[in-house]
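Have a look at the structure below, then the notes.
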Amino acid sequence: GAVVSQHPSWVICKSGTSVKIECRSLDFQATTMFWYRQFPKQSLMLMATSNEGSKATYEQGVEKDKFLINHASLTLSTLTVTSAHPEDSSFYICSAQGNNEQFFGPGTRLTVL
Amino acid sequence: DAKTTQPPSMDCAEGRAANLPCNHSTISGNEYVYWYRQIHSQGPQYIIHGLKNNETNEMASLIITEDRKSSTLILPHATLRDTAVYYCIVRVARGNAGNMLTFGGGTRLMVKP
């Protein structure tokens, strides 16, 4: 099956710093990737839809200037959390669309101190 | 996309069949029923999907009622590794154009020895 990777798998950073998370589709090309966020004991919440070569579409309530998304190639999308604060601590999950299905990455756990 | 309703939690004895119900009474004719599961601290994993016929793969079976207003995911011989949150999602399959998944609360399945 299709494989999606995320890097890093976990990160701890100080408040005010920026963190970049990479999402790669390893064996297929994905024109569309999605970024989700999941707080403890809650379901996944879609943050944004990332389309290769164009601007991302953000869900209501998600600040596009805080969560920068770049989808420069068919196999890579990045999410940068700028000026991170403790309330941004969460589990960030990406997915890539391929063959009419969505394949999820393993997630990145961000802890902001 | 149509909303789904699932019980918040279920228990199942190891080795027995786990039957997870899902109600989707407002499903449209062109919407598929998808099932994903999420093991703790991992990304969601695709299980199975169907439109109106029952489906079976190496992981599970999907039974969709004739009126398509509900479905049941069946894990024929549950193991401890099947302990996870199971999400039932209905959505239109739009090919590689990309279509987000909307996650509800899911059912937390606990397989017990």
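In the structure tokens, chains take letters A, B, ... by order of appearance, with residues numbered from 1 within each chain and ligands from 1 in the order shown.
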Give me the region 1-105 of chain A side of the contact with region 67-91 of chain B, cut-off 12 Å, one line per residue showing its nearest atom pair and distance in Å at one decimal, counting only C-alpha atoms, sorted by chain and residue number, as CSV.
residue,atom,partner,partner_atom,distance
A:Lys41,CA,B:Val85,CA,10.4
A:Gln42,CA,B:Val85,CA,10.6
A:Ser43,CA,B:Tyr87,CA,9.3
A:Leu44,CA,B:Tyr87,CA,10.3
A:Asn100,CA,B:Arg91,CA,11.5
A:Glu101,CA,B:Arg91,CA,11.2
A:Gln102,CA,B:Arg91,CA,11.9
What residues in region 11-104 of chain B get the DSSP label strand (DSSP E or B)? Please answer as a count of residues only. 44
My list of candidates is B:Thr65, B:Gln38, B:Gln45, B:Asn23. Which is closest to chain A when distances are computed with only C-alpha atoms?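 Smallest distance to chain A is found for B:Gln45.
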Could you go through chain B and tell me which residues DSSP, when run on the backbone, assigns to helix (DSSP H, G or I), listing them as a PyMOL selection string? chain B and resi 80-82+95-97
Selected residues written out, all heavy atoms, as a PDB file, in the first residue's frame:
ATOM      1  N   LEU B  80      -5.825  -8.420  20.444  1.00  0.00           N
ATOM      2  CA  LEU B  80      -5.507  -7.280  21.309  1.00  0.00           C
ATOM      3  C   LEU B  80      -5.000  -6.104  20.487  1.00  0.00           C
ATOM      4  O   LEU B  80      -5.202  -4.936  20.851  1.00  0.00           O
ATOM      5  CB  LEU B  80      -4.470  -7.683  22.351  1.00  0.00           C
ATOM      6  CG  LEU B  80      -4.888  -8.798  23.312  1.00  0.00           C
ATOM      7  CD1 LEU B  80      -3.749  -9.121  24.287  1.00  0.00           C
ATOM      8  CD2 LEU B  80      -6.148  -8.428  24.076  1.00  0.00           C
ATOM      9  N   ARG B  81      -4.347  -6.394  19.349  1.00  0.00           N
ATOM     10  CA  ARG B  81      -3.821  -5.322  18.508  1.00  0.00           C
ATOM     11  C   ARG B  81      -4.904  -4.566  17.750  1.00  0.00           C
ATOM     12  O   ARG B  81      -4.617  -3.553  17.113  1.00  0.00           O
ATOM     13  CB  ARG B  81      -2.813  -5.912  17.514  1.00  0.00           C
ATOM     14  CG  ARG B  81      -1.486  -6.287  18.153  1.00  0.00           C
ATOM     15  CD  ARG B  81      -0.541  -6.893  17.137  1.00  0.00           C
ATOM     16  NE  ARG B  81      -1.019  -8.175  16.628  1.00  0.00           N
ATOM     17  CZ  ARG B  81      -0.353  -8.909  15.753  1.00  0.00           C
ATOM     18  NH1 ARG B  81       0.785  -8.493  15.266  1.00  0.00           N
ATOM     19  NH2 ARG B  81      -0.843 -10.064  15.347  1.00  0.00           N
ATOM     20  N   ASP B  82      -6.135  -5.060  17.812  1.00  0.00           N
ATOM     21  CA  ASP B  82      -7.249  -4.337  17.192  1.00  0.00           C
ATOM     22  C   ASP B  82      -7.818  -3.263  18.104  1.00  0.00           C
ATOM     23  O   ASP B  82      -8.732  -2.531  17.706  1.00  0.00           O
ATOM     24  CB  ASP B  82      -8.346  -5.321  16.795  1.00  0.00           C
ATOM     25  CG  ASP B  82      -7.930  -6.248  15.663  1.00  0.00           C
ATOM     26  OD1 ASP B  82      -7.221  -5.776  14.743  1.00  0.00           O
ATOM     27  OD2 ASP B  82      -8.299  -7.443  15.710  1.00  0.00           O
ATOM     28  N   GLY B  95     -12.140  11.063  -6.952  1.00  0.00           N
ATOM     29  CA  GLY B  95     -10.918  10.799  -7.668  1.00  0.00           C
ATOM     30  C   GLY B  95      -9.746  11.512  -7.045  1.00  0.00           C
ATOM     31  O   GLY B  95      -9.719  11.794  -5.856  1.00  0.00           O
ATOM     32  N   ASN B  96      -8.756  11.785  -7.824  1.00  0.00           N
ATOM     33  CA  ASN B  96      -7.546  12.378  -7.278  1.00  0.00           C
ATOM     34  C   ASN B  96      -7.652  13.878  -7.113  1.00  0.00           C
ATOM     35  O   ASN B  96      -6.673  14.540  -6.806  1.00  0.00           O
ATOM     36  CB  ASN B  96      -6.349  12.034  -8.169  1.00  0.00           C
ATOM     37  CG  ASN B  96      -5.947  10.584  -8.025  1.00  0.00           C
ATOM     38  OD1 ASN B  96      -6.165   9.988  -6.983  1.00  0.00           O
ATOM     39  ND2 ASN B  96      -5.396  10.010  -9.067  1.00  0.00           N
ATOM     40  N   ALA B  97      -8.833  14.434  -7.306  1.00  0.00           N
ATOM     41  CA  ALA B  97      -9.002  15.873  -7.113  1.00  0.00           C
ATOM     42  C   ALA B  97      -8.887  16.245  -5.650  1.00  0.00           C
ATOM     43  O   ALA B  97      -8.681  17.400  -5.306  1.00  0.00           O
ATOM     44  CB  ALA B  97     -10.353  16.318  -7.661  1.00  0.00           C
TER      45      ALA B  97
END
Output as an MDAnalysis selection string the set of chain B residues within 12 Å of chain A, with distances taken over only C-alpha atoms. chainID B and resid 8 32 34:49 85:87 91:108
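Separating CA of Thr80 (chain A) from CA of Gln60 (chain A) is a distance of 18.1 Å.
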Rounded to one decimal, what separation in Å do you get between CA of Phe28 (chain A) and CA of Val81 (chain A)? 26.1 Å
Just the number, please: distance in Å from CA of Ala72 (chain A) to CA of Ser54 (chain A), one decimal. 8.4 Å
Close residues, His85 (chain A) itself excluded, 7 Å, only C-alpha atoms, min 4 positions apart in chain, as a list in words: Ser15, Gly16 and Val112 of chain A
